[in-house]
$ cat data.csv   # CSV, C-alpha atoms
chain,number,residue,atom,x,y,z
A,1,MET,CA,105.3,88.6,100.5
A,2,LYS,CA,102.3,90.5,99.1
A,3,LEU,CA,99.8,88.2,97.6
A,4,VAL,CA,98.2,90.4,95.1
A,5,GLU,CA,99.5,93.9,94.4
A,6,ALA,CA,99.4,96.5,91.7
A,7,ARG,CA,102.2,99.1,91.4
A,8,ALA,CA,102.5,102.4,89.7
A,9,THR,CA,105.3,104.9,89.7
A,10,HIS,CA,105.7,108.4,88.3
A,11,ARG,CA,108.4,111.1,88.4
A,12,PHE,CA,107.2,114.6,89.2
A,13,LYS,CA,108.9,117.9,88.6
A,14,ALA,CA,106.7,119.2,91.4
A,15,SER,CA,107.9,118.8,95.0
A,16,ALA,CA,106.8,116.0,97.2
A,17,GLU,CA,104.8,118.5,99.3
A,18,ARG,CA,102.7,119.6,96.4
A,19,VAL,CA,102.1,116.1,95.2
A,20,PHE,CA,101.2,115.0,98.7
A,21,ASP,CA,98.8,117.9,99.2
A,22,ALA,CA,97.0,117.1,95.9
A,23,TRP,CA,95.7,113.9,97.6
A,24,LEU,CA,94.0,115.6,100.6
A,25,ASP,CA,92.7,118.8,99.1
A,26,PRO,CA,89.1,118.1,97.8
A,27,ASP,CA,89.3,120.6,95.0
A,28,LYS,CA,92.5,119.2,93.7
A,29,VAL,CA,91.3,115.6,94.0
A,30,ARG,CA,88.1,116.5,92.1
A,31,SER,CA,90.2,118.1,89.5
A,32,TRP,CA,92.7,115.2,88.9
A,33,LEU,CA,90.0,112.5,89.1
A,34,ALA,CA,88.1,114.3,86.4
A,35,ARG,CA,91.1,114.9,84.2
A,36,PRO,CA,91.3,112.8,81.1
A,37,VAL,CA,94.6,111.1,80.5
A,38,ASP,CA,95.8,109.1,77.6
A,39,GLY,CA,94.7,105.5,77.9
A,40,THR,CA,92.0,106.1,80.5
A,41,ARG,CA,88.6,107.6,80.2
A,42,ALA,CA,87.5,110.8,82.0
A,43,PHE,CA,85.5,110.3,85.1
A,44,ASP,CA,82.2,112.2,85.7
A,45,VAL,CA,83.1,113.1,89.3
A,46,ARG,CA,80.2,113.8,91.7
A,47,ARG,CA,81.2,113.5,95.4
A,48,VAL,CA,84.6,114.2,96.8
A,49,GLU,CA,84.5,114.2,100.6
A,50,ILE,CA,87.7,114.1,102.6
A,51,ASP,CA,88.2,114.0,106.3
A,52,ALA,CA,92.0,114.4,106.2
A,53,ARG,CA,93.1,112.9,109.6
A,54,VAL,CA,94.2,109.5,110.7
A,55,GLY,CA,91.0,107.4,110.9
A,56,GLY,CA,89.1,110.0,108.8
A,57,ARG,CA,86.9,108.8,106.0
A,58,PHE,CA,87.0,109.8,102.4
A,59,ALA,CA,84.4,109.1,99.6
A,60,PHE,CA,84.8,109.8,95.9
A,61,SER,CA,82.1,109.0,93.4
A,62,ASP,CA,81.6,109.2,89.7
A,63,MET,CA,78.5,108.7,87.6
A,64,ARG,CA,78.4,106.0,84.9
A,65,GLU,CA,75.8,104.3,82.8
A,66,ASP,CA,74.7,102.0,85.6
A,67,GLY,CA,74.6,104.6,88.3
A,68,GLU,CA,76.8,106.3,90.8
A,69,ALA,CA,80.0,104.4,91.7
A,70,VAL,CA,81.3,105.2,95.1
A,71,HIS,CA,84.8,104.5,96.4
A,72,TRP,CA,85.6,105.1,100.0
A,73,GLY,CA,88.2,104.3,102.6
A,74,TYR,CA,89.9,105.5,105.8
A,75,TYR,CA,93.3,107.2,106.2
A,76,GLU,CA,95.6,105.1,108.2
A,77,VAL,CA,98.9,107.0,107.9
A,78,ILE,CA,99.3,110.7,107.0
A,79,ASP,CA,103.0,111.4,107.0
A,80,ARG,CA,103.4,114.6,104.9
A,81,PRO,CA,105.1,114.6,102.5
A,82,ARG,CA,106.5,111.1,102.5
A,83,ARG,CA,103.7,108.6,103.0
A,84,LEU,CA,100.0,108.3,102.7
A,85,ILE,CA,98.2,105.0,103.5
A,86,PHE,CA,94.5,104.5,103.1
A,87,THR,CA,92.0,101.7,102.6
A,88,TRP,CA,90.1,101.6,99.4
A,89,PHE,CA,86.7,100.0,99.1
A,90,LEU,CA,83.9,99.8,96.6
A,91,SER,CA,81.5,97.5,98.5
A,92,ARG,CA,80.3,96.8,102.0
A,93,GLU,CA,81.8,93.3,101.7
A,94,GLU,CA,85.2,94.7,100.9
A,95,GLU,CA,85.0,97.1,103.9
A,96,GLU,CA,84.1,94.2,106.2
A,97,GLU,CA,86.9,92.2,104.9
A,98,GLY,CA,89.3,95.1,104.9
A,99,THR,CA,91.0,93.6,101.8
A,100,SER,CA,92.2,96.6,99.9
A,101,ARG,CA,94.9,99.1,100.9
A,102,VAL,CA,96.7,101.8,99.0
A,103,THR,CA,100.2,103.1,100.0
A,104,LEU,CA,101.5,106.3,98.3
A,105,THR,CA,105.2,106.9,98.9
A,106,LEU,CA,106.9,110.1,97.8
A,107,ALA,CA,110.7,110.2,97.5
A,108,PRO,CA,112.3,113.7,97.0
A,109,LEU,CA,114.6,113.9,94.1
A,110,ALA,CA,117.8,116.1,93.8
A,111,ASP,CA,116.2,118.2,91.1
A,112,GLY,CA,113.5,119.4,93.5
A,113,GLY,CA,110.9,117.0,92.1
A,114,CYS,CA,109.9,113.6,93.5
A,115,GLU,CA,109.2,110.1,92.6
A,116,ALA,CA,105.8,108.7,93.6
A,117,THR,CA,105.1,105.0,94.1
A,118,ILE,CA,101.7,103.6,94.6
A,119,VAL,CA,101.2,100.1,95.8
A,120,HIS,CA,97.6,98.8,95.9
A,121,GLU,CA,97.5,95.5,97.8
A,122,MET,CA,94.7,93.1,98.5
A,123,ASP,CA,96.3,91.2,101.3
A,124,ALA,CA,94.8,91.9,104.6
A,125,ARG,CA,92.4,89.0,104.4
A,126,TRP,CA,95.0,86.7,102.8
A,127,ALA,CA,97.8,87.6,105.1
A,128,GLU,CA,97.4,84.7,107.5
A,129,TRP,CA,97.2,82.2,104.6
A,130,VAL,CA,100.3,83.7,103.1
A,131,ASP,CA,102.2,83.4,106.3
A,132,ARG,CA,101.1,79.8,106.6
A,133,THR,CA,101.7,78.8,103.1
A,134,ALA,CA,104.2,81.4,101.8
A,135,GLN,CA,106.4,78.8,100.2
A,136,GLY,CA,103.5,77.0,98.5
A,137,TRP,CA,102.2,80.4,97.2
A,138,GLY,CA,105.5,81.4,95.9
A,139,MET,CA,105.6,78.2,93.9
A,140,MET,CA,102.0,78.5,92.8
A,141,LEU,CA,102.4,82.1,91.6
A,142,ALA,CA,105.6,81.2,89.7
A,143,LYS,CA,103.5,78.5,88.0
A,144,ILE,CA,100.7,80.9,87.3
A,145,GLY,CA,103.3,83.1,85.6
A,146,VAL,CA,104.3,80.1,83.5
A,147,LEU,CA,100.8,79.2,82.6
A,148,LEU,CA,99.7,82.7,81.5
A,149,ASP,CA,102.9,83.6,79.6
B,150,MET,CA,87.4,105.0,88.9
B,151,ARG,CA,86.1,101.6,89.7
B,152,TYR,CA,87.7,98.4,88.7
B,153,GLU,CA,84.8,96.6,87.0
B,154,GLY,CA,84.5,93.8,89.4
B,155,ALA,CA,86.0,90.4,88.7
B,156,THR,CA,86.3,90.5,92.5
B,157,ALA,CA,83.9,87.6,93.2
B,158,GLU,CA,85.8,85.4,90.8
B,159,LEU,CA,89.1,86.6,92.2
B,160,ASP,CA,88.0,85.8,95.7
B,161,ARG,CA,86.9,82.3,94.7
B,162,THR,CA,90.1,81.7,92.9
B,163,LEU,CA,92.3,82.8,95.8
B,164,MET,CA,90.2,81.0,98.3
B,165,ALA,CA,90.4,77.8,96.3
B,166,LEU,CA,94.1,78.0,96.1
B,167,ALA,CA,94.7,79.1,99.7
B,168,ASP,CA,94.9,75.5,100.9
B,169,PRO,CA,97.9,73.1,100.7
B,170,VAL,CA,95.8,70.1,99.8
B,171,ARG,CA,94.1,71.9,97.0
B,172,ARG,CA,97.3,73.3,95.7
B,173,ARG,CA,98.8,69.7,95.6
B,174,ILE,CA,95.7,68.5,93.8
B,175,VAL,CA,96.2,71.2,91.2
B,176,GLU,CA,99.9,70.3,90.9
B,177,ARG,CA,99.0,66.7,90.3
B,178,LEU,CA,96.7,67.7,87.5
B,179,ARG,CA,99.4,69.7,85.8
B,180,ALA,CA,100.7,66.4,84.5
B,181,GLY,CA,97.4,66.0,82.5
B,182,ASP,CA,94.0,64.5,83.0
B,183,THR,CA,93.9,62.3,86.1
B,184,ARG,CA,91.4,59.9,87.5
B,185,VAL,CA,89.8,61.1,90.8
B,186,THR,CA,91.0,57.9,92.5
B,187,ASP,CA,94.6,58.6,91.4
B,188,VAL,CA,94.4,62.2,92.5
B,189,ALA,CA,93.1,61.1,95.9
B,190,ALA,CA,95.8,58.5,96.4
B,191,GLY,CA,98.7,59.5,98.6
B,192,PHE,CA,96.8,62.1,100.7
B,193,PRO,CA,96.7,61.2,104.4
B,194,ILE,CA,93.0,62.1,104.4
B,195,SER,CA,89.9,60.2,103.3
B,196,LEU,CA,88.6,60.1,99.7
B,197,ASN,CA,85.5,61.8,101.0
B,198,SER,CA,87.6,64.7,102.3
B,199,VAL,CA,89.6,64.9,99.1
B,200,SER,CA,86.3,65.0,97.1
B,201,LYS,CA,85.3,68.1,99.1
B,202,HIS,CA,88.5,69.8,98.1
B,203,ILE,CA,88.0,68.8,94.5
B,204,ARG,CA,84.4,70.2,94.5
B,205,LEU,CA,85.7,73.6,95.8
B,206,LEU,CA,88.2,73.7,93.0
B,207,GLU,CA,85.5,72.8,90.5
B,208,ARG,CA,83.3,75.6,91.8
B,209,ALA,CA,86.2,78.0,91.4
B,210,GLY,CA,86.5,76.8,87.8
B,211,LEU,CA,90.0,75.6,88.4
B,212,VAL,CA,89.2,72.0,87.8
B,213,MET,CA,87.0,70.3,85.3
B,214,ARG,CA,85.5,66.9,85.6
B,215,ARG,CA,84.9,64.5,82.7
B,216,VAL,CA,82.9,61.3,83.2
B,217,GLU,CA,83.7,58.3,81.0
B,218,GLY,CA,81.7,55.3,82.0
B,219,ARG,CA,82.4,54.8,85.7
B,220,GLN,CA,85.7,56.8,85.6
B,221,HIS,CA,85.8,60.4,86.6
B,222,PHE,CA,88.8,62.3,85.1
B,223,LEU,CA,89.9,65.7,86.4
B,224,SER,CA,91.8,68.4,84.5
B,225,PHE,CA,93.2,71.8,85.4
B,226,ARG,CA,91.9,75.1,84.0
B,227,ALA,CA,94.1,78.2,84.3
B,228,GLU,CA,91.5,80.7,83.1
B,229,PRO,CA,90.3,81.8,86.5
B,230,LEU,CA,93.9,82.8,87.4
B,231,GLN,CA,93.5,85.4,84.7
B,232,SER,CA,91.2,87.3,87.0
B,233,VAL,CA,94.2,87.9,89.3
B,234,GLN,CA,96.2,89.2,86.4
B,235,ASP,CA,93.3,91.3,85.3
B,236,TRP,CA,92.8,92.9,88.7
B,237,ILE,CA,96.4,93.8,88.8
B,238,ALA,CA,96.4,95.3,85.3
B,239,GLU,CA,93.3,97.3,85.9
B,240,GLN,CA,94.6,98.8,89.2
B,241,GLN,CA,97.9,99.7,87.6
B,242,ALA,CA,96.3,101.4,84.7
B,243,PHE,CA,94.0,103.4,87.1
B,244,TRP,CA,96.7,104.5,89.5
B,245,GLN,CA,99.2,105.2,86.7
B,246,GLY,CA,96.6,107.3,84.9
B,247,ARG,CA,95.8,109.3,88.1
B,248,LEU,CA,99.5,110.0,88.8
B,249,GLN,CA,99.8,111.4,85.3
B,250,ALA,CA,96.6,113.4,85.9
B,251,ILE,CA,98.1,114.9,89.1
B,252,ASP,CA,101.3,115.8,87.1
B,253,ASP,CA,99.2,117.5,84.4
B,254,LEU,CA,97.2,119.4,87.0
B,255,LEU,CA,100.3,120.7,88.9
B,256,ALA,CA,102.0,121.6,85.5
B,257,ALA,CA,98.8,123.5,84.6
B,258,GLU,CA,98.9,125.4,87.9
B,259,ASP,CA,102.6,126.3,87.3
B,260,ALA,CA,101.8,127.5,83.8
B,261,ALA,CA,98.9,129.7,85.1
B,262,ARG,CA,101.1,131.1,87.8
B,263,THR,CA,103.9,132.0,85.3
B,264,GLU,CA,101.3,133.7,83.1
B,265,ALA,CA,100.0,135.7,86.0
B,266,ASP,CA,103.5,136.8,87.0
B,267,GLU,CA,104.2,137.9,83.4
B,268,GLY,CA,100.9,139.7,83.4
B,269,ASP,CA,101.9,141.6,86.6
B,270,ARG,CA,105.2,142.7,85.0
B,271,ALA,CA,103.5,143.8,81.8
$ encode --input "data.csv" --output "structure tokens"
Amino acid sequence: MKLVEARATHRFKASAERVFDAWLDPDKVRSWLARPVDGTRAFDVRRVEIDARVGGRFAFSDMREDGEAVHWGYYEVIDRPRRLIFTWFLSREEEEEGTSRVTLTLAPLADGGCEATIVHEMDARWAEWVDRTAQGWGMMLAKIGVLLD
Amino acid sequence: MRYEGATAELDRTLMALADPVRRRIVERLRAGDTRVTDVAAGFPISLNSVSKHIRLLERAGLVMRRVEGRQHFLSFRAEPLQSVQDWIAEQQAFWQGRLQAIDDLLAAEDAARTEADEGDRA
């Protein structure tokens, strides 16, 4: 059970290889980070640094009214073109806790394209609690759903 | 690309709920306002120890205390749980948007290549 996770999926006409490579090529990352898309604002991208190996660090930053916002993390799994796993931090505290992890999964489709799934989970720190209290959490989260609906 | 941080509140909320005694306190309060002494009854731990759990829930904003004379009543507040939902919604919007941006970028590359090929043939 994942305690807190966000999911996004998208079907691409492009192959899994091309989509995968778009995550590790600094020029491409800069380009898609900066690209405006319906419903989200464009980012004023500054730094894009990528050390594309397991254990390697990346840092992306963008400028905003209150200064430069830096995201960084470390690549944990680089399994081209199927899976990319990296940590994702925006503060020292988060890095110390190791709370935040992103998994990109690419499944090839018969038409030559692929389906991408992103799961961003904040569970590393909560994992032991979840194991200990999984049942209680399941109940509690069900109730949270009821309360907020 | 940053999720504008409700992270501290999220941490407090999850921390407060990550304990079986505190979850049971919250569950008891779902029935409505309850006196502290009634909340504490039935736990195999001291009133003092239950009070510490209640204070943690209060700090997280999950429990409110109302004093009437010598009676202290507790009630449950769901609002901090919204930070969990907000975090999820914000992340999903970000990643969904970036997947679309990658698709647009790759489509633009294809279009440029097709144009170049046609240029070569012309």
$ closest_atom_pairs --input "data.csv" --of "chain B" --to "chain A" --cutoff "9 Å" --atoms "all atoms listed in the file" --output "tab-separated table"
residue	atom	partner	partner_atom	distance
B:Met150	CA	A:Phe43	CA	6.8
B:Arg151	CA	A:Ala69	CA	7.0
B:Tyr152	CA	A:Leu90	CA	8.9
B:Leu163	CA	A:Trp126	CA	8.5
B:Met164	CA	A:Trp126	CA	8.7
B:Leu166	CA	A:Trp137	CA	8.5
B:Ala167	CA	A:Trp129	CA	6.3
B:Asp168	CA	A:Thr133	CA	7.9
B:Pro169	CA	A:Gly136	CA	7.2
B:Arg172	CA	A:Met140	CA	7.6
B:Glu176	CA	A:Met140	CA	8.7
B:Ala227	CA	A:Leu147	CA	7.0
B:Glu228	CA	A:Leu148	CA	8.6
B:Leu230	CA	A:Ile144	CA	7.1
B:Gln231	CA	A:Leu148	CA	7.5
B:Val233	CA	A:Val4	CA	7.5
B:Gln234	CA	A:Leu148	CA	8.9
B:Trp236	CA	A:Ala6	CA	8.1
B:Ile237	CA	A:Ala6	CA	5.0
B:Ala238	CA	A:Ala6	CA	7.2
B:Glu239	CA	A:Ala6	CA	8.5
B:Gln240	CA	A:Ala6	CA	5.9
B:Gln241	CA	A:Ala6	CA	5.4
B:Ala242	CA	A:Thr40	CA	7.6
B:Phe243	CA	A:Thr40	CA	7.4
B:Trp244	CA	A:Ala8	CA	6.2
B:Gln245	CA	A:Ala8	CA	5.3
B:Gly246	CA	A:Val37	CA	6.1
B:Arg247	CA	A:Leu33	CA	6.7
B:Leu248	CA	A:His10	CA	6.4
B:Gln249	CA	A:Val37	CA	7.1
B:Ala250	CA	A:Trp32	CA	5.2
B:Ile251	CA	A:Trp32	CA	5.4
B:Asp252	CA	A:Phe12	CA	6.4
B:Asp253	CA	A:Trp32	CA	8.2
B:Leu254	CA	A:Trp32	CA	6.4
B:Leu255	CA	A:Ala14	CA	7.0
B:Ala256	CA	A:Ala14	CA	7.9
$ atom_distance --input "data.csv" --atom1 "CA of Asn197 (chain B)" --atom2 "CA of Arg215 (chain B)"
18.5 Å
$ closest_residue --input "data.csv" --among "A:Tyr75, A:Arg53, A:Arg80, A:Glu93" --to "Leu106 (chain A)" --atoms "only C-alpha atoms"
A:Arg80
$ residues_near_point --input "data.csv" --point "(93.4, 73.2, 87.8)" --cutoff "10 Å" --atoms "all atoms listed in the file" --output "list in words"
Leu166, Arg171, Arg172, Ile174, Val175, Glu176, Arg177, Leu178, Arg179, Gly181, Asp182, Ile203, Leu206, Glu207, Ala209, Gly210, Leu211, Val212, Met213, Leu223, Ser224, Phe225, Arg226, Ala227, Glu228, Pro229 and Leu230 of chain B
$ atom_distance --input "data.csv" --atom1 "CA of Leu159 (chain B)" --atom2 "CA of Arg214 (chain B)"
21.1 Å
$ atom_distance --input "data.csv" --atom1 "CA of Arg83 (chain A)" --atom2 "CA of Thr105 (chain A)"
4.7 Å
$ residues_near_point --input "data.csv" --point "(93.5, 59.2, 96.8)" --cutoff "12 Å" --atoms "all atoms listed in the file" --output "PyMOL selection string"
chain B and resi 170+173-174+177+183-200+202-203
$ axis_aligned_box --input "data.csv" --around "region 97-107 of chain A" --padding-each-side "8 Å" --output "JSON"
{"center_x": 98.8, "center_y": 101.2, "center_z": 101.2, "size_x": 39.8, "size_y": 34.0, "size_z": 23.4}
$ decode --input "data.csv" --residues "region 166-177 of chain B" --atoms "N, CA and C atoms" --output "compact mmCIF listing (two decimals), in the first residue's frame"
# COMPACT_ATOMS: atom_id res chain seq x y z
N LEU B 166 -1.60 11.27 12.40
CA LEU B 166 -2.50 10.13 12.16
C LEU B 166 -1.76 8.80 12.14
N ALA B 167 -0.44 8.86 12.23
CA ALA B 167 0.34 7.64 12.08
C ALA B 167 0.50 6.91 13.41
N ASP B 168 -0.49 6.95 14.22
CA ASP B 168 -0.42 6.29 15.52
C ASP B 168 -1.79 5.70 15.83
N PRO B 169 -1.84 4.44 16.24
CA PRO B 169 -3.15 3.79 16.44
C PRO B 169 -3.98 4.44 17.54
N VAL B 170 -3.35 4.92 18.61
CA VAL B 170 -4.13 5.57 19.68
C VAL B 170 -4.78 6.84 19.13
N ARG B 171 -3.98 7.62 18.39
CA ARG B 171 -4.53 8.88 17.88
C ARG B 171 -5.61 8.63 16.84
N ARG B 172 -5.46 7.59 16.04
CA ARG B 172 -6.53 7.28 15.09
C ARG B 172 -7.80 6.88 15.82
N ARG B 173 -7.65 6.16 16.92
CA ARG B 173 -8.86 5.76 17.66
C ARG B 173 -9.51 6.97 18.32
N ILE B 174 -8.69 7.91 18.77
CA ILE B 174 -9.26 9.14 19.32
C ILE B 174 -10.09 9.85 18.26
N VAL B 175 -9.50 9.97 17.06
CA VAL B 175 -10.21 10.63 15.97
C VAL B 175 -11.50 9.89 15.65
N GLU B 176 -11.43 8.57 15.64
CA GLU B 176 -12.63 7.79 15.34
C GLU B 176 -13.73 8.04 16.37
N ARG B 177 -13.33 8.13 17.63
CA ARG B 177 -14.33 8.40 18.67
C ARG B 177 -14.99 9.76 18.46
